[in-house]
Amino acid sequence: MQKSFVVGVGMTKFEKPGRRENWDYPDFGSEATRAALDDSGVAYTDINHAFVGFCYGDSTSGQRALYEVGLTGVPIVNVNNNCSTGSSALYLANQFIRAGLADCVLALGFEKMERGSLREHWGDRAAPTGRHIEAMTQRHGFAKAPPAAQIFGNAGREYMAKHGVTKQTVAKIAEKNHRHSVNNPYSQFREQYSLEDILASPTVFDPLTKLQCCPTSDGGAAAVIANESFVERHGLWDQAIEIAGQALTTDDESAFDGGDADLVGFQMSAQAARAVYEQSGLGPDDVQVIELHDCFSTNELITYEALGLCGVGGAGELIEDGAVDYGGKWVVNPSGGLISKGHPLGATGLAQCAELTWQLRGTADLRQVNGASVALQHNIGLGGAAVVTMYRAMTS
């Protein structure tokens, strides 16, 4: 298998849906792509294949967006894996490079979203997350709250009850991520909130308040992935970041036979992380910076344990000890995470890739994590898919 490298990344600012007038998905898809190409220093004509992720849109929306960049006849494949769509496009690009099927591949993700909570769009067929919602309802009933907040909120409640984690501790995750986003010019929200502000914001589904839930967003992000010979021919070693390991997993039986955390992907995240650690020969102790899927603060809580950052029941202690913030063992979600940066579903995984690439290059400006040489990415989609990726700077 060949080695693969991120040689260019780009993204748009994430925006509240409809905030930028006359800004449609071809605009932010092509904007992100051009930014990634400019960053890589290679031309669109150098791209052999493209994988384009989006959840809301018709058929060949990926082609429609990339036709704004160039008409080269390259294969373009559209990808939809719920909230892990962007990292699934990245996974496919990485697999093509590693298998020797291409020299240089584009991964693009974008989303044009409706305002308000996520909802199913097709009422005449089975819902993709139907089994998950049914399992949750059988255990807890169905409340008057957004389904995603309920299912992730219940996972948090389970963890909190088992391990004595308080609402204040969980809210500290959101406080951290909102504070981080102040320094991110691509973030949808750049306002800092106190812990008191977060706890006092309207309750969506206990323990989740509004400021602990990710917003709907418009935006795009992209990455150019290349093999070793391409990097050498184009003189890209100074900016290349190695994809040292990557795994994509889906639910196993524990999703429906286990607890609430398993229902939202705890086990598939843990399985993907173990595979990545084995592939890369690197583990949590080698990592300095992490972007993980904090669609709700409760999901960041349980994901610490899934990724092996702590032992069973240790997530609350990581938060209280400052281990996941600047000055701690890891900096988690320096971008502001989904909670504050925003969550255009198809773009999220590639925005995480962009942030970690900048961190490992040492170009993240006020967000820069000192000494960052190894980075970890986690992105999930309910229903389900988990993608975990390990990145390594060439100087490490």
# chains A, B, ... in the order shown; residues from 1 in each chain; ligands from 1

$ residues_around --residues "Asp365 in chain A" --least-positions-apart "2" --cutoff "12 Å" --atoms "only C-alpha atoms" --output "PyMOL selection string"
chain A and resi 183-185+334-335+355+358-363+367-370

$ closest_atom_pairs --of "range 50-168 of chain A" --to "range 309-313 of chain A" --cutoff "8 Å" --atoms "only C-alpha atoms" --output "Markdown table"
| residue | atom | partner | partner_atom | distance |
| --- | --- | --- | --- | --- |
| A:Tyr159 | CA | A:Gly313 | CA | 7.7 |
| A:Lys162 | CA | A:Gly313 | CA | 7.6 |
| A:His163 | CA | A:Gly313 | CA | 5.3 |

$ write_last_selection --atoms "all heavy atoms" --output "short mmCIF file (atom, residue, chain, number, x, y, z; two decimals), in the first residue's frame"
data_model
loop_
_atom_site.label_atom_id
_atom_site.label_comp_id
_atom_site.auth_asym_id
_atom_site.auth_seq_id
_atom_site.Cartn_x
_atom_site.Cartn_y
_atom_site.Cartn_z
N TYR A 159 -24.17 8.16 30.81
CA TYR A 159 -22.79 8.27 31.26
C TYR A 159 -22.71 9.04 32.58
O TYR A 159 -21.98 8.67 33.50
CB TYR A 159 -21.94 8.96 30.19
CG TYR A 159 -20.45 8.81 30.41
CD1 TYR A 159 -19.75 7.78 29.80
CD2 TYR A 159 -19.75 9.68 31.24
CE1 TYR A 159 -18.38 7.62 30.01
CE2 TYR A 159 -18.39 9.53 31.45
CZ TYR A 159 -17.71 8.49 30.83
OH TYR A 159 -16.36 8.33 31.05
N LYS A 162 -23.91 6.84 35.49
CA LYS A 162 -22.98 5.75 35.81
C LYS A 162 -21.75 6.25 36.54
O LYS A 162 -21.22 5.58 37.42
CB LYS A 162 -22.53 5.05 34.52
CG LYS A 162 -23.51 4.06 33.94
CD LYS A 162 -22.90 3.39 32.73
CE LYS A 162 -23.84 2.36 32.11
NZ LYS A 162 -23.23 1.73 30.90
N HIS A 163 -21.28 7.45 36.15
CA HIS A 163 -19.95 7.87 36.58
C HIS A 163 -19.95 9.17 37.39
O HIS A 163 -18.88 9.72 37.66
CB HIS A 163 -19.04 8.00 35.37
CG HIS A 163 -18.99 6.77 34.53
ND1 HIS A 163 -18.50 5.56 35.02
CD2 HIS A 163 -19.38 6.52 33.25
CE1 HIS A 163 -18.58 4.64 34.08
NE2 HIS A 163 -19.11 5.18 32.99
#

$ residues_around --residues "range 51-58 of chain A" --least-positions-apart "4" --cutoff "9 Å" --atoms "only C-alpha atoms" --output "short mmCIF file (atom, residue, chain, number, x, y, z; two decimals) with N, CA and C atoms, in the first residue's frame"
data_model
loop_
_atom_site.label_atom_id
_atom_site.label_comp_id
_atom_site.auth_asym_id
_atom_site.auth_seq_id
_atom_site.Cartn_x
_atom_site.Cartn_y
_atom_site.Cartn_z
N GLY A 62 -22.61 17.15 -6.64
CA GLY A 62 -21.15 17.25 -6.63
C GLY A 62 -20.61 17.70 -7.96
N GLN A 63 -21.14 17.13 -9.03
CA GLN A 63 -20.73 17.57 -10.36
C GLN A 63 -21.08 19.04 -10.59
N LEU A 66 -18.48 21.19 -8.86
CA LEU A 66 -17.13 21.14 -9.41
C LEU A 66 -17.06 21.63 -10.86
N PRO A 75 -13.62 11.34 -13.09
CA PRO A 75 -14.73 10.72 -12.35
C PRO A 75 -15.05 11.51 -11.08
N ILE A 76 -16.33 11.79 -10.87
CA ILE A 76 -16.81 12.46 -9.66
C ILE A 76 -17.86 11.55 -9.05
N VAL A 77 -17.64 11.17 -7.79
CA VAL A 77 -18.54 10.27 -7.09
C VAL A 77 -19.16 11.00 -5.91
N ASN A 78 -20.48 10.96 -5.80
CA ASN A 78 -21.18 11.63 -4.72
C ASN A 78 -21.34 10.68 -3.53
N VAL A 79 -21.20 11.23 -2.31
CA VAL A 79 -21.13 10.45 -1.08
C VAL A 79 -22.14 11.01 -0.09
N ASN A 80 -22.85 10.12 0.62
CA ASN A 80 -23.77 10.53 1.68
C ASN A 80 -23.66 9.53 2.82
N ASN A 81 -23.14 9.94 3.96
CA ASN A 81 -23.03 9.08 5.14
C ASN A 81 -23.45 9.86 6.39
N ASN A 82 -24.58 10.57 6.26
CA ASN A 82 -25.10 11.39 7.35
C ASN A 82 -24.01 12.36 7.81
N CYS A 83 -23.85 12.57 9.10
CA CYS A 83 -22.95 13.62 9.59
C CYS A 83 -21.48 13.30 9.37
N THR A 85 -20.33 12.41 6.46
CA THR A 85 -20.21 12.42 5.00
C THR A 85 -18.87 12.98 4.54
N GLY A 86 -18.43 14.10 5.10
CA GLY A 86 -17.18 14.71 4.66
C GLY A 86 -15.99 13.82 4.89
N SER A 87 -15.93 13.19 6.07
CA SER A 87 -14.80 12.30 6.34
C SER A 87 -14.93 11.00 5.56
N SER A 88 -16.14 10.62 5.16
CA SER A 88 -16.29 9.45 4.29
C SER A 88 -15.76 9.73 2.90
N ALA A 89 -15.97 10.95 2.39
CA ALA A 89 -15.36 11.34 1.12
C ALA A 89 -13.84 11.33 1.24
N LEU A 90 -13.33 11.82 2.37
CA LEU A 90 -11.89 11.79 2.62
C LEU A 90 -11.38 10.36 2.69
N LEU A 92 -12.58 7.72 1.15
CA LEU A 92 -12.52 7.16 -0.20
C LEU A 92 -11.32 7.71 -0.97
N ALA A 93 -11.06 9.01 -0.83
CA ALA A 93 -9.90 9.60 -1.49
C ALA A 93 -8.61 8.95 -1.00
N VAL A 105 -6.10 13.16 -5.62
CA VAL A 105 -7.56 13.03 -5.52
C VAL A 105 -8.10 14.20 -4.70
N LEU A 106 -9.27 14.67 -5.08
CA LEU A 106 -9.96 15.72 -4.34
C LEU A 106 -11.07 15.12 -3.49
N ALA A 107 -11.14 15.56 -2.23
CA ALA A 107 -12.30 15.28 -1.37
C ALA A 107 -12.96 16.61 -1.06
N LEU A 108 -14.23 16.71 -1.37
CA LEU A 108 -15.00 17.94 -1.17
C LEU A 108 -16.27 17.62 -0.40
N GLY A 109 -16.64 18.49 0.51
CA GLY A 109 -17.92 18.35 1.20
C GLY A 109 -18.59 19.70 1.33
N PHE A 110 -19.90 19.74 1.20
CA PHE A 110 -20.64 20.99 1.36
C PHE A 110 -22.05 20.67 1.82
N GLU A 111 -22.72 21.67 2.31
CA GLU A 111 -24.12 21.51 2.68
C GLU A 111 -24.83 22.85 2.63
N LYS A 112 -26.02 22.86 2.06
CA LYS A 112 -26.95 23.97 2.14
C LYS A 112 -28.12 23.47 2.97
N MET A 113 -28.26 24.01 4.18
CA MET A 113 -29.20 23.45 5.14
C MET A 113 -30.40 24.35 5.37
N ALA A 222 -12.68 21.34 1.71
CA ALA A 222 -12.08 20.44 0.72
C ALA A 222 -10.65 20.11 1.10
N PRO A 344 -22.31 22.13 8.88
CA PRO A 344 -22.89 21.78 7.58
C PRO A 344 -22.51 20.33 7.29
N LEU A 345 -23.45 19.41 7.35
CA LEU A 345 -23.16 17.99 7.50
C LEU A 345 -22.09 17.47 6.55
N GLY A 346 -22.21 17.76 5.26
CA GLY A 346 -21.26 17.23 4.30
C GLY A 346 -19.87 17.81 4.41
N ALA A 347 -19.75 18.97 5.03
CA ALA A 347 -18.46 19.66 5.10
C ALA A 347 -17.70 19.40 6.39
#

$ residues_around --residues "Gly70 in chain A" --least-positions-apart "5" --cutoff "10 Å" --atoms "only C-alpha atoms" --output "count of residues only"
5

$ residues_around --residues "range 95-101 of chain A" --least-positions-apart "3" --cutoff "6 Å" --atoms "only C-alpha atoms" --output "list of chain:residue names"
A:Met1, A:Gln2, A:Lys3, A:Leu92, A:Asn227

$ write_last_selection --atoms "N, CA and C atoms" --output "mmCIF file, in the first residue's frame"
data_model
loop_
_atom_site.group_PDB
_atom_site.id
_atom_site.type_symbol
_atom_site.label_atom_id
_atom_site.label_comp_id
_atom_site.auth_asym_id
_atom_site.auth_seq_id
_atom_site.Cartn_x
_atom_site.Cartn_y
_atom_site.Cartn_z
ATOM 1 N N MET A 1 0.836 -1.200 0.000
ATOM 2 C CA MET A 1 0.000 0.000 0.000
ATOM 3 C C MET A 1 0.872 1.252 0.000
ATOM 4 N N GLN A 2 0.443 2.247 -0.772
ATOM 5 C CA GLN A 2 1.179 3.500 -0.837
ATOM 6 C C GLN A 2 0.825 4.406 0.344
ATOM 7 N N LYS A 3 1.730 5.331 0.657
ATOM 8 C CA LYS A 3 1.430 6.354 1.648
ATOM 9 C C LYS A 3 0.603 7.458 1.010
ATOM 10 N N LEU A 92 -12.579 7.722 1.153
ATOM 11 C CA LEU A 92 -12.519 7.164 -0.198
ATOM 12 C C LEU A 92 -11.321 7.710 -0.967
ATOM 13 N N ASN A 227 -0.204 10.950 -3.467
ATOM 14 C CA ASN A 227 0.745 9.917 -3.065
ATOM 15 C C ASN A 227 2.165 10.484 -2.995
#

$ residues_around --residues "Asp238 in chain A" --least-positions-apart "6" --cutoff "12 Å" --atoms "only C-alpha atoms" --output "PyMOL selection string"
chain A and resi 5-8+39-41+231-232+360-362+393-395

$ select_by_dssp --residues "range 25-170 of chain A" --states "strand (DSSP E or B)" --output "PyMOL selection string"
chain A and resi 49-53+76-79+81+83+104-111

$ write_last_selection --atoms "N, CA and C atoms" --output "short mmCIF file (atom, residue, chain, number, x, y, z; two decimals), in the first residue's frame"
data_model
loop_
_atom_site.label_atom_id
_atom_site.label_comp_id
_atom_site.auth_asym_id
_atom_site.auth_seq_id
_atom_site.Cartn_x
_atom_site.Cartn_y
_atom_site.Cartn_z
N HIS A 49 -9.41 11.97 -9.57
CA HIS A 49 -10.75 11.59 -9.14
C HIS A 49 -11.22 12.61 -8.11
N ALA A 50 -12.55 12.68 -7.94
CA ALA A 50 -13.11 13.54 -6.90
C ALA A 50 -14.24 12.80 -6.20
N PHE A 51 -14.24 12.91 -4.87
CA PHE A 51 -15.32 12.37 -4.05
C PHE A 51 -15.98 13.54 -3.35
N VAL A 52 -17.28 13.69 -3.54
CA VAL A 52 -17.99 14.87 -3.06
C VAL A 52 -19.12 14.46 -2.12
N GLY A 53 -19.08 15.01 -0.91
CA GLY A 53 -20.06 14.65 0.10
C GLY A 53 -21.09 15.74 0.34
N ILE A 76 -16.33 11.79 -10.87
CA ILE A 76 -16.81 12.46 -9.66
C ILE A 76 -17.86 11.55 -9.05
N VAL A 77 -17.64 11.17 -7.79
CA VAL A 77 -18.54 10.27 -7.09
C VAL A 77 -19.16 11.00 -5.91
N ASN A 78 -20.48 10.96 -5.80
CA ASN A 78 -21.18 11.63 -4.72
C ASN A 78 -21.34 10.68 -3.53
N VAL A 79 -21.20 11.23 -2.31
CA VAL A 79 -21.13 10.45 -1.08
C VAL A 79 -22.14 11.01 -0.09
N ASN A 81 -23.14 9.94 3.96
CA ASN A 81 -23.03 9.08 5.14
C ASN A 81 -23.45 9.86 6.39
N CYS A 83 -23.85 12.57 9.10
CA CYS A 83 -22.95 13.62 9.59
C CYS A 83 -21.48 13.30 9.37
N CYS A 104 -3.46 11.83 -7.38
CA CYS A 104 -3.94 13.04 -6.71
C CYS A 104 -5.46 13.07 -6.77
N VAL A 105 -6.10 13.16 -5.62
CA VAL A 105 -7.56 13.03 -5.52
C VAL A 105 -8.10 14.20 -4.70
N LEU A 106 -9.27 14.67 -5.08
CA LEU A 106 -9.96 15.72 -4.34
C LEU A 106 -11.07 15.12 -3.49
N ALA A 107 -11.14 15.56 -2.23
CA ALA A 107 -12.30 15.28 -1.37
C ALA A 107 -12.96 16.61 -1.06
N LEU A 108 -14.23 16.71 -1.37
CA LEU A 108 -15.00 17.94 -1.17
C LEU A 108 -16.27 17.62 -0.40
N GLY A 109 -16.64 18.49 0.51
CA GLY A 109 -17.92 18.35 1.20
C GLY A 109 -18.59 19.70 1.33
N PHE A 110 -19.90 19.74 1.20
CA PHE A 110 -20.64 20.99 1.36
C PHE A 110 -22.05 20.67 1.82
N GLU A 111 -22.72 21.67 2.31
CA GLU A 111 -24.12 21.51 2.68
C GLU A 111 -24.83 22.85 2.63
#

$ closest_atom_pairs --of "range 177-236 of chain A" --to "range 130-152 of chain A" --cutoff "9 Å" --atoms "only C-alpha atoms" --output "Markdown table"
| residue | atom | partner | partner_atom | distance |
| --- | --- | --- | --- | --- |
| A:Val204 | CA | A:Ala145 | CA | 6.5 |
| A:Phe205 | CA | A:Gln150 | CA | 6.2 |
| A:Asp206 | CA | A:Gln150 | CA | 8.5 |
| A:Leu208 | CA | A:Ala149 | CA | 7.5 |
| A:Cys213 | CA | A:Ala149 | CA | 7.7 |

$ write_last_selection --atoms "C-alpha atoms" --output "compact mmCIF listing (two decimals), in the first residue's frame"
# COMPACT_ATOMS: atom_id res chain seq x y z
CA VAL A 204 -33.39 21.71 24.53
CA PHE A 205 -33.33 18.31 26.21
CA ASP A 206 -31.90 17.91 29.70
CA LEU A 208 -28.48 19.92 26.91
CA CYS A 213 -26.04 21.94 20.66

$ atom_distance --atom1 "CA of Asp197 in chain A" --atom2 "CA of Lys167 in chain A"
13.3 Å

$ select_by_dssp --residues "range 155-366 of chain A" --states "helix (DSSP H, G or I)" --output "count of residues only"
102

$ atom_distance --atom1 "CA of Gly336 in chain A" --atom2 "CA of Gly283 in chain A"
23.3 Å

$ residues_around --residues "Glu196 in chain A" --least-positions-apart "4" --cutoff "10 Å" --atoms "only C-alpha atoms" --output "list of chain:residue names"
A:Gln168, A:Ala171, A:Lys172, A:Glu175, A:Ala200, A:Ser201

$ write_last_selection --atoms "N, CA, C and O atoms" --output "tab-separated table (two decimals), in the first residue's frame"
chain	number	residue	atom	x	y	z
A	168	GLN	N	-22.76	20.68	35.23
A	168	GLN	CA	-21.75	21.74	35.13
A	168	GLN	C	-20.51	21.25	34.40
A	168	GLN	O	-19.94	21.98	33.58
A	171	ALA	N	-21.32	21.03	30.71
A	171	ALA	CA	-21.41	22.38	30.14
A	171	ALA	C	-20.03	23.00	29.93
A	171	ALA	O	-19.86	23.87	29.06
A	172	LYS	N	-19.04	22.57	30.70
A	172	LYS	CA	-17.68	23.09	30.51
A	172	LYS	C	-17.11	22.73	29.13
A	172	LYS	O	-16.24	23.44	28.62
A	175	GLU	N	-18.41	25.50	26.98
A	175	GLU	CA	-17.69	26.73	27.31
A	175	GLU	C	-16.33	26.74	26.63
A	175	GLU	O	-15.91	27.74	26.04
A	200	ALA	N	-27.58	28.68	31.63
A	200	ALA	CA	-28.82	29.45	31.68
A	200	ALA	C	-29.52	29.55	30.34
A	200	ALA	O	-30.67	30.03	30.27
A	201	SER	N	-28.89	29.13	29.25
A	201	SER	CA	-29.54	29.20	27.94
A	201	SER	C	-30.69	28.18	27.90
A	201	SER	O	-30.73	27.25	28.70

$ closest_residue --among "A:Cys214, A:Ile290, A:Val387, A:Cys295" --to "Ala323 in chain A" --atoms "only C-alpha atoms"
A:Ile290

$ atom_distance --atom1 "CA of Tyr67 in chain A" --atom2 "CA of Gly10 in chain A"
17.6 Å

$ decode --residues "range 339-352 of chain A" --atoms "all heavy atoms" --output "short mmCIF file (atom, residue, chain, number, x, y, z; two decimals), in the first residue's frame"
data_model
loop_
_atom_site.label_atom_id
_atom_site.label_comp_id
_atom_site.auth_asym_id
_atom_site.auth_seq_id
_atom_site.Cartn_x
_atom_site.Cartn_y
_atom_site.Cartn_z
N ILE A 339 -20.12 22.57 17.83
CA ILE A 339 -20.98 23.39 18.68
C ILE A 339 -20.88 24.86 18.31
O ILE A 339 -21.88 25.59 18.31
CB ILE A 339 -20.62 23.18 20.16
CG1 ILE A 339 -21.18 21.84 20.64
CG2 ILE A 339 -21.16 24.30 21.04
CD1 ILE A 339 -20.77 21.47 22.06
N SER A 340 -19.69 25.34 17.99
CA SER A 340 -19.51 26.77 17.74
C SER A 340 -19.07 27.09 16.32
O SER A 340 -19.50 28.07 15.74
CB SER A 340 -18.50 27.34 18.74
OG SER A 340 -18.63 28.73 18.84
N LYS A 341 -18.23 26.24 15.75
CA LYS A 341 -17.80 26.47 14.37
C LYS A 341 -18.95 26.27 13.41
O LYS A 341 -19.05 26.95 12.38
CB LYS A 341 -16.65 25.51 14.02
CG LYS A 341 -16.15 25.61 12.57
CD LYS A 341 -15.07 24.57 12.31
CE LYS A 341 -15.59 23.18 12.49
NZ LYS A 341 -14.52 22.15 12.43
N GLY A 342 -19.86 25.35 13.75
CA GLY A 342 -20.99 25.04 12.88
C GLY A 342 -20.91 23.63 12.35
O GLY A 342 -19.88 22.96 12.46
N HIS A 343 -22.01 23.17 11.75
CA HIS A 343 -22.10 21.77 11.30
C HIS A 343 -22.88 21.63 10.00
O HIS A 343 -23.98 21.08 9.99
CB HIS A 343 -22.74 20.93 12.42
CG HIS A 343 -22.78 19.47 12.16
ND1 HIS A 343 -21.87 18.81 11.34
CD2 HIS A 343 -23.63 18.50 12.64
CE1 HIS A 343 -22.16 17.52 11.31
NE2 HIS A 343 -23.23 17.31 12.08
N PRO A 344 -22.31 22.13 8.88
CA PRO A 344 -22.89 21.78 7.58
C PRO A 344 -22.51 20.33 7.29
O PRO A 344 -21.34 20.02 7.04
CB PRO A 344 -22.21 22.75 6.61
CG PRO A 344 -20.95 23.18 7.30
CD PRO A 344 -21.11 22.97 8.76
N LEU A 345 -23.45 19.41 7.35
CA LEU A 345 -23.16 17.99 7.50
C LEU A 345 -22.09 17.47 6.55
O LEU A 345 -21.16 16.78 6.97
CB LEU A 345 -24.45 17.17 7.33
CG LEU A 345 -25.65 17.56 8.18
CD1 LEU A 345 -26.76 16.52 8.03
CD2 LEU A 345 -25.29 17.75 9.64
N GLY A 346 -22.21 17.76 5.26
CA GLY A 346 -21.26 17.23 4.30
C GLY A 346 -19.87 17.81 4.41
O GLY A 346 -18.90 17.20 3.95
N ALA A 347 -19.75 18.97 5.03
CA ALA A 347 -18.46 19.66 5.10
C ALA A 347 -17.70 19.40 6.39
O ALA A 347 -16.48 19.63 6.45
CB ALA A 347 -18.67 21.16 4.94
N THR A 348 -18.37 18.92 7.43
CA THR A 348 -17.77 18.88 8.76
C THR A 348 -16.47 18.08 8.80
O THR A 348 -15.46 18.53 9.35
CB THR A 348 -18.78 18.32 9.77
OG1 THR A 348 -19.78 19.32 10.02
CG2 THR A 348 -18.13 17.94 11.08
N GLY A 349 -16.48 16.87 8.27
CA GLY A 349 -15.28 16.03 8.33
C GLY A 349 -14.10 16.64 7.63
O GLY A 349 -12.95 16.50 8.07
N LEU A 350 -14.34 17.35 6.54
CA LEU A 350 -13.23 17.98 5.81
C LEU A 350 -12.79 19.28 6.47
O LEU A 350 -11.62 19.66 6.37
CB LEU A 350 -13.64 18.19 4.35
CG LEU A 350 -13.61 16.86 3.58
CD1 LEU A 350 -14.51 16.90 2.36
CD2 LEU A 350 -12.19 16.49 3.19
N ALA A 351 -13.70 19.95 7.17
CA ALA A 351 -13.29 21.11 7.96
C ALA A 351 -12.39 20.66 9.12
O ALA A 351 -11.43 21.35 9.47
CB ALA A 351 -14.51 21.85 8.49
N GLN A 352 -12.70 19.51 9.72
CA GLN A 352 -11.82 18.95 10.74
C GLN A 352 -10.43 18.67 10.17
O GLN A 352 -9.41 18.96 10.80
CB GLN A 352 -12.42 17.67 11.31
CG GLN A 352 -13.69 17.86 12.13
CD GLN A 352 -14.26 16.53 12.58
OE1 GLN A 352 -14.27 15.54 11.83
NE2 GLN A 352 -14.76 16.49 13.81
#
